[in-house]
Amino acid sequence: MTSTQYSDGRQEKRVENYTKFWQKDFGKEGETDNQNRVESYTDVVNGYYDGATELYEYGWAQSFHFSRFYKGEAFVASLARHEHYLSAQMGLRSGMRVLDVGCGVGGPAREIARFADVNIVGLNNNDFQIQRARKYTKKAGLENQVSFAKGDFMKLSEQFGENSFDAVYAIEATVHAPTWEGVYGEIMKVLKPGGVFGVYEWCMTDTWDASIPAHKELAHAIEFGNGIPEMRPLKQAREAMVKVGFSIEHEEDLAERPDEVPWYYPLEGDIWKAQTAWDCFTVWRMSWSGKLVSHTAIKFMEILGLLPKGTYDVGESLKVAADALVKGGQTKLFTPMYLAICRKPALSES
């Protein structure tokens, strides 16, 4: 059966088939299910983002990532500070050519381009997001500084050539890769000798134990709710960076900092925890009433043909995501902000 291709780049069957990559009962998930998702990671990720992108923008702005919060700090200010912090830790400076791996709709790329005065190429394998990224970048007047390319982050050197970027960063994106060694290895290749790689990685923490059923079910809930083929522990990310040849100059799980306001608070849906008056609306969207309003609207829009079939189901998976991420944060079994600053050797044989 053919899939309807929308003018905005989305594919109906890709959205509709997304939830079929998981067992309805996460407790029945097996290695075969994991392997199927890993082998079909392009369909998994694209099906998810075809359905979830507009929901992300509605509920989370144009930067699809988490961040730390200071008391009284506005939601959007926190997102920008998280991006600035990565840029500063990497030492980005004017004139650098930088690759954003898994750029979403380009929110971080635009912010970092302004902050560090660098030239950024955003890579994305989702046509719908690329179209939106280009539209927002043109509106921001940053077309000469930020551009976007469609491609597979497992084939970076094939697309861009080796030694072609001064710096590469990834913000909560490389978790979607079938293997960390694969994507980190490609990042290593496209970096110039001495180049820097900075990443905020999604991981299960080293406290997480795959042999504990409740821990494994939590990982599957995070996968299902966020379009991730397979969640892996933090130590594997670290090992993969070293294995492909990176020198880790700095690493820290920022979620371990004793912040008074936890990174996951917007997902709790408690407007009394909102840090500013405007943020009440952002937090309300994740409350039971906010979810009821938005998901009812999504259902009717899908029935009317204004959204691809399956968008409602992807929206329902976001509810699973919110609950799982909050639980993962509260139990310290999951982090969305393992920060690593890595360096490619100055004298590289690659």
# chains A, B, ... in the order shown; residues from 1 in each chain; ligands from 1
>>> residues_around(residues="Pro213 (chain A)", least_positions_apart="5", cutoff="12 Å", atoms="only C-alpha atoms", output="VMD selection string")
chain A and resid 26 to 30 208 218 to 220
>>> write_last_selection(atoms="N, CA and C atoms", output="PDB file, in the first residue's frame")
ATOM      1  N   PHE A  26       4.908  -3.117  27.365  1.00  0.00           N
ATOM      2  CA  PHE A  26       6.366  -2.968  27.369  1.00  0.00           C
ATOM      3  C   PHE A  26       7.065  -4.107  28.089  1.00  0.00           C
ATOM      4  N   GLY A  27       6.348  -4.762  28.992  1.00  0.00           N
ATOM      5  CA  GLY A  27       6.926  -5.881  29.704  1.00  0.00           C
ATOM      6  C   GLY A  27       7.196  -7.079  28.812  1.00  0.00           C
ATOM      7  N   LYS A  28       6.573  -7.088  27.618  1.00  0.00           N
ATOM      8  CA  LYS A  28       6.758  -8.188  26.678  1.00  0.00           C
ATOM      9  C   LYS A  28       7.786  -7.866  25.589  1.00  0.00           C
ATOM     10  N   GLU A  29       8.412  -6.696  25.712  1.00  0.00           N
ATOM     11  CA  GLU A  29       9.434  -6.315  24.742  1.00  0.00           C
ATOM     12  C   GLU A  29      10.611  -7.279  24.803  1.00  0.00           C
ATOM     13  N   GLY A  30      11.088  -7.688  23.626  1.00  0.00           N
ATOM     14  CA  GLY A  30      12.216  -8.607  23.577  1.00  0.00           C
ATOM     15  C   GLY A  30      13.344  -8.068  22.720  1.00  0.00           C
ATOM     16  N   TRP A 208      20.958   2.607  36.399  1.00  0.00           N
ATOM     17  CA  TRP A 208      19.977   1.789  35.683  1.00  0.00           C
ATOM     18  C   TRP A 208      20.523   0.381  35.469  1.00  0.00           C
ATOM     19  N   LEU A 218      10.890   1.048  31.987  1.00  0.00           N
ATOM     20  CA  LEU A 218      11.052   2.496  31.939  1.00  0.00           C
ATOM     21  C   LEU A 218      11.805   2.902  30.683  1.00  0.00           C
ATOM     22  N   ALA A 219      12.862   2.172  30.354  1.00  0.00           N
ATOM     23  CA  ALA A 219      13.635   2.467  29.149  1.00  0.00           C
ATOM     24  C   ALA A 219      12.767   2.326  27.900  1.00  0.00           C
ATOM     25  N   HIS A 220      11.944   1.285  27.845  1.00  0.00           N
ATOM     26  CA  HIS A 220      11.069   1.094  26.685  1.00  0.00           C
ATOM     27  C   HIS A 220      10.021   2.199  26.582  1.00  0.00           C
TER      28      HIS A 220
END
>>> residues_around(residues="Leu92 (chain A)", least_positions_apart="2", cutoff="12 Å", atoms="only C-alpha atoms", output="PDB file with N, CA and C atoms, in the first residue's frame")
ATOM      1  N   GLU A  83      22.022  26.137  25.502  1.00  0.00           N
ATOM      2  CA  GLU A  83      22.723  26.160  24.214  1.00  0.00           C
ATOM      3  C   GLU A  83      23.995  27.001  24.300  1.00  0.00           C
ATOM      4  N   HIS A  84      23.911  28.139  24.989  1.00  0.00           N
ATOM      5  CA  HIS A  84      25.090  28.993  25.165  1.00  0.00           C
ATOM      6  C   HIS A  84      26.173  28.259  25.957  1.00  0.00           C
ATOM      7  N   TYR A  85      25.748  27.504  26.959  1.00  0.00           N
ATOM      8  CA  TYR A  85      26.700  26.785  27.804  1.00  0.00           C
ATOM      9  C   TYR A  85      27.482  25.764  26.977  1.00  0.00           C
ATOM     10  N   LEU A  86      26.788  25.031  26.124  1.00  0.00           N
ATOM     11  CA  LEU A  86      27.460  24.065  25.257  1.00  0.00           C
ATOM     12  C   LEU A  86      28.450  24.778  24.346  1.00  0.00           C
ATOM     13  N   SER A  87      28.016  25.869  23.744  1.00  0.00           N
ATOM     14  CA  SER A  87      28.875  26.640  22.848  1.00  0.00           C
ATOM     15  C   SER A  87      30.130  27.133  23.572  1.00  0.00           C
ATOM     16  N   ALA A  88      29.939  27.625  24.793  1.00  0.00           N
ATOM     17  CA  ALA A  88      31.075  28.139  25.564  1.00  0.00           C
ATOM     18  C   ALA A  88      32.034  27.021  25.964  1.00  0.00           C
ATOM     19  N   GLN A  89      31.488  25.890  26.387  1.00  0.00           N
ATOM     20  CA  GLN A  89      32.322  24.755  26.775  1.00  0.00           C
ATOM     21  C   GLN A  89      33.135  24.238  25.593  1.00  0.00           C
ATOM     22  N   MET A  90      32.566  24.331  24.398  1.00  0.00           N
ATOM     23  CA  MET A  90      33.264  23.881  23.196  1.00  0.00           C
ATOM     24  C   MET A  90      34.293  24.900  22.715  1.00  0.00           C
ATOM     25  N   SER A  94      34.072  33.085  16.385  1.00  0.00           N
ATOM     26  CA  SER A  94      33.706  33.649  15.088  1.00  0.00           C
ATOM     27  C   SER A  94      34.488  33.022  13.940  1.00  0.00           C
ATOM     28  N   GLY A  95      33.754  32.710  12.873  1.00  0.00           N
ATOM     29  CA  GLY A  95      34.376  32.190  11.655  1.00  0.00           C
ATOM     30  C   GLY A  95      34.420  30.687  11.557  1.00  0.00           C
ATOM     31  N   MET A  96      34.160  29.975  12.645  1.00  0.00           N
ATOM     32  CA  MET A  96      34.194  28.517  12.607  1.00  0.00           C
ATOM     33  C   MET A  96      33.067  27.963  11.740  1.00  0.00           C
ATOM     34  N   ARG A  97      33.361  26.851  11.061  1.00  0.00           N
ATOM     35  CA  ARG A  97      32.326  26.099  10.341  1.00  0.00           C
ATOM     36  C   ARG A  97      31.908  24.948  11.245  1.00  0.00           C
ATOM     37  N   VAL A  98      30.622  24.918  11.601  1.00  0.00           N
ATOM     38  CA  VAL A  98      30.117  24.009  12.631  1.00  0.00           C
ATOM     39  C   VAL A  98      28.981  23.158  12.073  1.00  0.00           C
ATOM     40  N   LEU A  99      28.967  21.890  12.437  1.00  0.00           N
ATOM     41  CA  LEU A  99      27.893  20.980  12.038  1.00  0.00           C
ATOM     42  C   LEU A  99      26.994  20.697  13.232  1.00  0.00           C
ATOM     43  N   ILE A 112      22.848  29.514  18.623  1.00  0.00           N
ATOM     44  CA  ILE A 112      24.303  29.399  18.738  1.00  0.00           C
ATOM     45  C   ILE A 112      24.999  30.240  17.671  1.00  0.00           C
ATOM     46  N   ALA A 113      24.401  30.340  16.486  1.00  0.00           N
ATOM     47  CA  ALA A 113      24.984  31.180  15.436  1.00  0.00           C
ATOM     48  C   ALA A 113      25.052  32.638  15.888  1.00  0.00           C
ATOM     49  N   ARG A 114      23.992  33.098  16.517  1.00  0.00           N
ATOM     50  CA  ARG A 114      23.974  34.473  17.040  1.00  0.00           C
ATOM     51  C   ARG A 114      24.966  34.640  18.189  1.00  0.00           C
ATOM     52  N   PHE A 115      24.971  33.667  19.094  1.00  0.00           N
ATOM     53  CA  PHE A 115      25.776  33.756  20.312  1.00  0.00           C
ATOM     54  C   PHE A 115      27.273  33.710  20.023  1.00  0.00           C
ATOM     55  N   ALA A 116      27.685  32.773  19.158  1.00  0.00           N
ATOM     56  CA  ALA A 116      29.113  32.548  18.923  1.00  0.00           C
ATOM     57  C   ALA A 116      29.617  33.100  17.592  1.00  0.00           C
ATOM     58  N   ASP A 117      28.707  33.639  16.780  1.00  0.00           N
ATOM     59  CA  ASP A 117      29.070  34.198  15.473  1.00  0.00           C
ATOM     60  C   ASP A 117      29.766  33.161  14.599  1.00  0.00           C
ATOM     61  N   VAL A 118      29.197  31.958  14.578  1.00  0.00           N
ATOM     62  CA  VAL A 118      29.747  30.872  13.762  1.00  0.00           C
ATOM     63  C   VAL A 118      28.819  30.591  12.586  1.00  0.00           C
ATOM     64  N   ASN A 119      29.337  29.851  11.612  1.00  0.00           N
ATOM     65  CA  ASN A 119      28.528  29.421  10.477  1.00  0.00           C
ATOM     66  C   ASN A 119      28.136  27.961  10.698  1.00  0.00           C
ATOM     67  N   ILE A 120      26.849  27.686  10.662  1.00  0.00           N
ATOM     68  CA  ILE A 120      26.344  26.366  11.030  1.00  0.00           C
ATOM     69  C   ILE A 120      25.617  25.695   9.876  1.00  0.00           C
ATOM     70  N   PHE A 165      34.838  20.115   9.063  1.00  0.00           N
ATOM     71  CA  PHE A 165      34.241  21.031  10.046  1.00  0.00           C
ATOM     72  C   PHE A 165      35.215  21.321  11.182  1.00  0.00           C
ATOM     73  N   ASP A 166      35.175  22.548  11.653  1.00  0.00           N
ATOM     74  CA  ASP A 166      35.991  22.939  12.811  1.00  0.00           C
ATOM     75  C   ASP A 166      35.411  22.379  14.106  1.00  0.00           C
ATOM     76  N   ALA A 167      34.101  22.227  14.131  1.00  0.00           N
ATOM     77  CA  ALA A 167      33.424  21.751  15.337  1.00  0.00           C
ATOM     78  C   ALA A 167      32.123  21.069  14.952  1.00  0.00           C
ATOM     79  N   VAL A 168      31.702  20.145  15.789  1.00  0.00           N
ATOM     80  CA  VAL A 168      30.422  19.444  15.607  1.00  0.00           C
ATOM     81  C   VAL A 168      29.742  19.365  16.963  1.00  0.00           C
ATOM     82  N   TYR A 169      28.435  19.603  16.986  1.00  0.00           N
ATOM     83  CA  TYR A 169      27.695  19.392  18.229  1.00  0.00           C
ATOM     84  C   TYR A 169      26.411  18.628  17.943  1.00  0.00           C
ATOM     85  N   GLY A 195      39.803  19.289  16.002  1.00  0.00           N
ATOM     86  CA  GLY A 195      38.448  19.815  16.121  1.00  0.00           C
ATOM     87  C   GLY A 195      37.732  19.316  17.367  1.00  0.00           C
ATOM     88  N   VAL A 196      36.666  20.021  17.752  1.00  0.00           N
ATOM     89  CA  VAL A 196      35.966  19.722  18.988  1.00  0.00           C
ATOM     90  C   VAL A 196      34.551  19.197  18.709  1.00  0.00           C
ATOM     91  N   PHE A 197      34.134  18.236  19.508  1.00  0.00           N
ATOM     92  CA  PHE A 197      32.782  17.679  19.448  1.00  0.00           C
ATOM     93  C   PHE A 197      32.134  17.860  20.820  1.00  0.00           C
ATOM     94  N   GLY A 198      30.966  18.493  20.841  1.00  0.00           N
ATOM     95  CA  GLY A 198      30.228  18.675  22.080  1.00  0.00           C
ATOM     96  C   GLY A 198      28.864  18.042  21.976  1.00  0.00           C
ATOM     97  N   ILE A 341      32.604  16.974  26.227  1.00  0.00           N
ATOM     98  CA  ILE A 341      33.371  17.801  25.296  1.00  0.00           C
ATOM     99  C   ILE A 341      34.574  16.971  24.872  1.00  0.00           C
TER     100      ILE A 341
END
>>> closest_residue(among="A:Trp288, A:Tyr338, A:Trp263, A:Phe281", to="Thr174 (chain A)", atoms="only C-alpha atoms")
A:Tyr338
>>> select_by_dssp(residues="region 170-218 of chain A", states="strand (DSSP E)", output="list of chain:residue names")
A:Ala170, A:Ile171, A:Leu191, A:Lys192, A:Pro193, A:Gly194, A:Gly195, A:Val196, A:Phe197, A:Gly198, A:Val199, A:Tyr200, A:Glu201, A:Trp202, A:Cys203, A:Met204
>>> closest_residue(among="A:Asp323, A:Asp127, A:Asp313, A:Asp259", to="Ala52 (chain A)", atoms="only C-alpha atoms")
A:Asp313
>>> select_by_dssp(residues="region 161-249 of chain A", states="alpha helix (DSSP H)", output="number ranges by chain")
A: 180-190, 213-226, 234-243
>>> residues_around(residues="Thr32 (chain A)", least_positions_apart="2", cutoff="12 Å", atoms="only C-alpha atoms", output="PyMOL selection string")
chain A and resi 21-23+28-30+34-39+229-230
>>> write_last_selection(atoms="N, CA, C and O atoms", output="compact mmCIF listing (two decimals), in the first residue's frame")
# COMPACT_ATOMS: atom_id res chain seq x y z
N PHE A 21 6.16 -0.38 16.02
CA PHE A 21 7.52 -0.84 16.30
C PHE A 21 7.69 -1.31 17.75
O PHE A 21 8.75 -1.81 18.11
N TRP A 22 6.66 -1.12 18.58
CA TRP A 22 6.73 -1.55 19.98
C TRP A 22 5.59 -2.49 20.34
O TRP A 22 4.51 -2.42 19.74
N GLN A 23 5.82 -3.37 21.32
CA GLN A 23 4.76 -4.18 21.88
C GLN A 23 3.84 -3.26 22.69
O GLN A 23 4.30 -2.30 23.31
N LYS A 28 6.57 -7.09 27.62
CA LYS A 28 6.76 -8.19 26.68
C LYS A 28 7.79 -7.87 25.59
O LYS A 28 7.99 -8.65 24.67
N GLU A 29 8.41 -6.70 25.71
CA GLU A 29 9.43 -6.31 24.74
C GLU A 29 10.61 -7.28 24.80
O GLU A 29 11.08 -7.63 25.89
N GLY A 30 11.09 -7.69 23.63
CA GLY A 30 12.22 -8.61 23.58
C GLY A 30 13.34 -8.07 22.72
O GLY A 30 13.22 -6.99 22.12
N ASN A 34 13.81 -4.82 19.83
CA ASN A 34 14.90 -3.84 19.85
C ASN A 34 15.66 -3.83 18.53
O ASN A 34 15.93 -2.79 17.95
N GLN A 35 16.01 -5.03 18.07
CA GLN A 35 16.79 -5.15 16.85
C GLN A 35 16.03 -4.62 15.64
O GLN A 35 16.62 -3.98 14.76
N ASN A 36 14.74 -4.88 15.60
CA ASN A 36 13.91 -4.40 14.50
C ASN A 36 13.91 -2.88 14.44
O ASN A 36 14.00 -2.28 13.37
N ARG A 37 13.82 -2.23 15.62
CA ARG A 37 13.84 -0.77 15.66
C ARG A 37 15.20 -0.22 15.24
O ARG A 37 15.29 0.79 14.53
N VAL A 38 16.25 -0.87 15.71
CA VAL A 38 17.60 -0.42 15.37
C VAL A 38 17.84 -0.52 13.86
O VAL A 38 18.37 0.40 13.23
N GLU A 39 17.43 -1.63 13.28
CA GLU A 39 17.62 -1.83 11.83
C GLU A 39 16.74 -0.88 11.00
O GLU A 39 17.10 -0.53 9.88
N PRO A 229 15.15 4.18 18.92
CA PRO A 229 15.22 2.74 18.67
C PRO A 229 15.61 1.94 19.91
O PRO A 229 15.06 0.88 20.17
N GLU A 230 16.59 2.47 20.68
CA GLU A 230 17.08 1.72 21.84
C GLU A 230 17.77 2.66 22.82
O GLU A 230 18.70 3.37 22.45
>>> residues_around(residues="Leu123 (chain A)", least_positions_apart="2", cutoff="8 Å", atoms="only C-alpha atoms", output="VMD selection string")
chain A and resid 99 to 103 121 125 148 to 153
>>> write_last_selection(atoms="C-alpha atoms", output="CSV table (one decimal), in the first residue's frame")
chain,number,residue,atom,x,y,z
A,99,LEU,CA,27.9,21.0,12.0
A,100,ASP,CA,24.7,20.5,14.1
A,101,VAL,CA,23.9,16.8,14.0
A,102,GLY,CA,20.1,16.2,14.3
A,103,CYS,CA,19.2,19.9,14.1
A,121,VAL,CA,25.1,23.5,8.8
A,125,ASN,CA,16.9,13.3,7.8
A,148,PHE,CA,20.3,23.0,6.4
A,149,ALA,CA,21.1,19.7,4.6
A,150,LYS,CA,19.2,16.4,4.5
A,151,GLY,CA,21.3,13.4,5.3
A,152,ASP,CA,21.9,10.4,7.4
A,153,PHE,CA,24.2,11.0,10.5
>>> residues_around(residues="Asn126 (chain A)", least_positions_apart="4", cutoff="12 Å", atoms="only C-alpha atoms", output="number ranges by chain")
A: 8-11, 14, 42-53, 102-105, 122, 130-133, 148-153
>>> write_last_selection(atoms="N, CA and C atoms", output="tab-separated table (two decimals), in the first residue's frame")
chain	number	residue	atom	x	y	z
A	8	ASP	N	4.49	19.10	2.48
A	8	ASP	CA	5.40	19.58	3.52
A	8	ASP	C	6.47	18.55	3.88
A	9	GLY	N	6.48	17.40	3.18
A	9	GLY	CA	7.52	16.41	3.40
A	9	GLY	C	7.11	15.22	4.24
A	10	ARG	N	5.96	15.31	4.90
A	10	ARG	CA	5.52	14.20	5.75
A	10	ARG	C	4.94	13.06	4.91
A	11	GLN	N	4.99	11.85	5.46
A	11	GLN	CA	4.41	10.68	4.81
A	11	GLN	C	3.41	10.03	5.76
A	14	ARG	N	4.11	6.49	7.23
A	14	ARG	CA	5.25	6.51	8.15
A	14	ARG	C	4.79	6.90	9.55
A	42	THR	N	15.65	4.72	10.65
A	42	THR	CA	15.22	5.85	9.82
A	42	THR	C	13.70	5.96	9.82
A	43	ASP	N	13.01	4.83	9.67
A	43	ASP	CA	11.55	4.84	9.68
A	43	ASP	C	11.01	5.18	11.07
A	44	VAL	N	11.66	4.67	12.10
A	44	VAL	CA	11.23	4.96	13.47
A	44	VAL	C	11.31	6.45	13.75
A	45	VAL	N	12.47	7.04	13.47
A	45	VAL	CA	12.68	8.46	13.77
A	45	VAL	C	11.81	9.35	12.90
A	46	ASN	N	11.74	9.06	11.60
A	46	ASN	CA	10.94	9.90	10.71
A	46	ASN	C	9.45	9.78	11.00
A	47	GLY	N	8.99	8.56	11.30
A	47	GLY	CA	7.58	8.40	11.65
A	47	GLY	C	7.22	9.21	12.88
A	48	TYR	N	8.13	9.20	13.84
A	48	TYR	CA	7.90	9.95	15.08
A	48	TYR	C	7.86	11.45	14.82
A	49	TYR	N	8.86	11.97	14.13
A	49	TYR	CA	8.94	13.41	13.95
A	49	TYR	C	7.95	13.96	12.93
A	50	ASP	N	7.52	13.13	11.97
A	50	ASP	CA	6.43	13.56	11.09
A	50	ASP	C	5.18	13.85	11.91
A	51	GLY	N	4.97	13.03	12.95
A	51	GLY	CA	3.78	13.21	13.78
A	51	GLY	C	3.95	14.14	14.95
A	52	ALA	N	5.18	14.24	15.48
A	52	ALA	CA	5.39	14.96	16.74
A	52	ALA	C	5.90	16.38	16.60
A	53	THR	N	6.45	16.74	15.46
A	53	THR	CA	7.12	18.05	15.35
A	53	THR	C	6.22	19.22	15.70
A	102	GLY	N	21.50	16.42	13.77
A	102	GLY	CA	20.14	16.23	14.26
A	102	GLY	C	19.57	17.55	14.73
A	103	CYS	N	19.41	18.49	13.80
A	103	CYS	CA	19.15	19.89	14.14
A	103	CYS	C	17.71	20.24	14.42
A	104	GLY	N	16.77	19.29	14.27
A	104	GLY	CA	15.36	19.62	14.51
A	104	GLY	C	14.89	20.70	13.54
A	105	VAL	N	14.17	21.70	14.06
A	105	VAL	CA	13.72	22.81	13.21
A	105	VAL	C	14.67	24.00	13.33
A	122	GLY	N	23.03	22.66	9.57
A	122	GLY	CA	22.17	21.77	10.34
A	122	GLY	C	21.83	20.54	9.53
A	130	ILE	N	13.14	19.99	8.03
A	130	ILE	CA	14.04	20.84	7.24
A	130	ILE	C	13.28	22.01	6.63
A	131	GLN	N	12.10	21.74	6.09
A	131	GLN	CA	11.30	22.82	5.51
A	131	GLN	C	10.99	23.89	6.55
A	132	ARG	N	10.63	23.46	7.74
A	132	ARG	CA	10.30	24.41	8.80
A	132	ARG	C	11.55	25.14	9.28
A	133	ALA	N	12.66	24.44	9.36
A	133	ALA	CA	13.92	25.07	9.78
A	133	ALA	C	14.32	26.19	8.82
A	148	PHE	N	20.81	24.30	5.99
A	148	PHE	CA	20.35	22.97	6.38
A	148	PHE	C	20.52	21.98	5.23
A	149	ALA	N	20.85	20.75	5.61
A	149	ALA	CA	21.06	19.69	4.62
A	149	ALA	C	20.35	18.44	5.07
A	150	LYS	N	19.75	17.73	4.12
A	150	LYS	CA	19.16	16.44	4.45
A	150	LYS	C	20.23	15.37	4.35
A	151	GLY	N	20.28	14.50	5.36
A	151	GLY	CA	21.28	13.44	5.31
A	151	GLY	C	21.17	12.51	6.50
A	152	ASP	N	21.92	11.43	6.42
A	152	ASP	CA	21.94	10.39	7.45
A	152	ASP	C	23.18	10.59	8.31
A	153	PHE	N	22.99	10.74	9.62
A	153	PHE	CA	24.17	10.99	10.46
A	153	PHE	C	25.06	9.76	10.61
>>> residues_around(residues="region 231-237 of chain A", least_positions_apart="5", cutoff="9 Å", atoms="only C-alpha atoms", output="PyMOL selection string")
chain A and resi 175-176+180-181+201-209+219-220+222-223+242+334-335+338
>>> residues_around(residues="Ile298 (chain A)", least_positions_apart="3", cutoff="6 Å", atoms="only C-alpha atoms", output="list of chain:residue names")
A:His295, A:Met301, A:Tyr312
>>> write_last_selection(atoms="N, CA and C atoms", output="PDB file, in the first residue's frame")
ATOM      1  N   HIS A 295      -5.123  17.116  22.663  1.00  0.00           N
ATOM      2  CA  HIS A 295      -5.267  15.819  22.015  1.00  0.00           C
ATOM      3  C   HIS A 295      -6.662  15.634  21.408  1.00  0.00           C
ATOM      4  N   MET A 301      -8.706  17.106  13.988  1.00  0.00           N
ATOM      5  CA  MET A 301      -7.934  17.540  12.824  1.00  0.00           C
ATOM      6  C   MET A 301      -7.513  16.350  11.974  1.00  0.00           C
ATOM      7  N   TYR A 312      -2.518  11.350  15.980  1.00  0.00           N
ATOM      8  CA  TYR A 312      -3.124  11.231  17.319  1.00  0.00           C
ATOM      9  C   TYR A 312      -2.393  10.174  18.145  1.00  0.00           C
TER      10      TYR A 312
END
>>> closest_residue(among="A:Met241, A:Leu325, A:Ala297, A:Ala170", to="Pro266 (chain A)", atoms="only C-alpha atoms")
A:Leu325
>>> closest_residue(among="A:Ala274, A:Leu267, A:Leu304, A:Ala255", to="Lys332 (chain A)", atoms="only C-alpha atoms")
A:Ala255
>>> decode(residues="region 261-267 of chain A", atoms="all heavy atoms", output="mmCIF file, in the first residue's frame")
data_model
loop_
_atom_site.group_PDB
_atom_site.id
_atom_site.type_symbol
_atom_site.label_atom_id
_atom_site.label_comp_id
_atom_site.auth_asym_id
_atom_site.auth_seq_id
_atom_site.Cartn_x
_atom_site.Cartn_y
_atom_site.Cartn_z
ATOM 1 N N VAL A 261 15.119 23.700 41.126
ATOM 2 C CA VAL A 261 14.067 23.463 40.123
ATOM 3 C C VAL A 261 14.556 22.361 39.189
ATOM 4 O O VAL A 261 15.525 22.554 38.449
ATOM 5 C CB VAL A 261 13.768 24.743 39.317
ATOM 6 C CG1 VAL A 261 12.643 24.482 38.316
ATOM 7 C CG2 VAL A 261 13.421 25.896 40.242
ATOM 8 N N PRO A 262 13.942 21.183 39.182
ATOM 9 C CA PRO A 262 14.434 20.071 38.356
ATOM 10 C C PRO A 262 14.190 20.292 36.867
ATOM 11 O O PRO A 262 13.249 20.990 36.468
ATOM 12 C CB PRO A 262 13.631 18.869 38.873
ATOM 13 C CG PRO A 262 12.371 19.458 39.411
ATOM 14 C CD PRO A 262 12.763 20.791 39.993
ATOM 15 N N TRP A 263 15.027 19.686 36.051
ATOM 16 C CA TRP A 263 14.944 19.861 34.602
ATOM 17 C C TRP A 263 13.606 19.414 34.034
ATOM 18 O O TRP A 263 13.158 19.902 32.994
ATOM 19 C CB TRP A 263 16.088 19.111 33.904
ATOM 20 C CG TRP A 263 16.110 17.622 34.141
ATOM 21 C CD1 TRP A 263 16.835 16.949 35.076
ATOM 22 C CD2 TRP A 263 15.360 16.617 33.434
ATOM 23 N NE1 TRP A 263 16.602 15.593 35.006
ATOM 24 C CE2 TRP A 263 15.698 15.363 33.995
ATOM 25 C CE3 TRP A 263 14.449 16.651 32.375
ATOM 26 C CZ2 TRP A 263 15.147 14.171 33.545
ATOM 27 C CZ3 TRP A 263 13.902 15.458 31.920
ATOM 28 C CH2 TRP A 263 14.248 14.241 32.497
ATOM 29 N N TYR A 264 12.943 18.478 34.704
ATOM 30 C CA TYR A 264 11.707 17.899 34.160
ATOM 31 C C TYR A 264 10.445 18.607 34.645
ATOM 32 O O TYR A 264 9.341 18.179 34.302
ATOM 33 C CB TYR A 264 11.621 16.415 34.529
ATOM 34 C CG TYR A 264 11.814 16.125 36.002
ATOM 35 C CD1 TYR A 264 10.777 16.303 36.926
ATOM 36 C CD2 TYR A 264 13.051 15.701 36.493
ATOM 37 C CE1 TYR A 264 10.959 16.058 38.287
ATOM 38 C CE2 TYR A 264 13.244 15.446 37.845
ATOM 39 C CZ TYR A 264 12.203 15.635 38.726
ATOM 40 O OH TYR A 264 12.381 15.396 40.073
ATOM 41 N N TYR A 265 10.575 19.701 35.388
ATOM 42 C CA TYR A 265 9.387 20.302 35.994
ATOM 43 C C TYR A 265 8.306 20.697 34.985
ATOM 44 O O TYR A 265 7.105 20.547 35.275
ATOM 45 C CB TYR A 265 9.786 21.485 36.898
ATOM 46 C CG TYR A 265 9.543 22.854 36.301
ATOM 47 C CD1 TYR A 265 8.268 23.442 36.344
ATOM 48 C CD2 TYR A 265 10.556 23.572 35.673
ATOM 49 C CE1 TYR A 265 8.030 24.690 35.781
ATOM 50 C CE2 TYR A 265 10.323 24.807 35.112
ATOM 51 C CZ TYR A 265 9.065 25.362 35.161
ATOM 52 O OH TYR A 265 8.822 26.590 34.598
ATOM 53 N N PRO A 266 8.646 21.191 33.761
ATOM 54 C CA PRO A 266 7.568 21.546 32.830
ATOM 55 C C PRO A 266 6.687 20.359 32.434
ATOM 56 O O PRO A 266 5.526 20.537 32.062
ATOM 57 C CB PRO A 266 8.317 22.113 31.615
ATOM 58 C CG PRO A 266 9.621 22.576 32.161
ATOM 59 C CD PRO A 266 9.963 21.566 33.213
ATOM 60 N N LEU A 267 7.258 19.139 32.493
ATOM 61 C CA LEU A 267 6.496 17.951 32.112
ATOM 62 C C LEU A 267 5.496 17.528 33.184
ATOM 63 O O LEU A 267 4.594 16.744 32.907
ATOM 64 C CB LEU A 267 7.445 16.775 31.848
ATOM 65 C CG LEU A 267 8.393 16.894 30.660
ATOM 66 C CD1 LEU A 267 9.279 15.653 30.582
ATOM 67 C CD2 LEU A 267 7.621 17.076 29.367
#
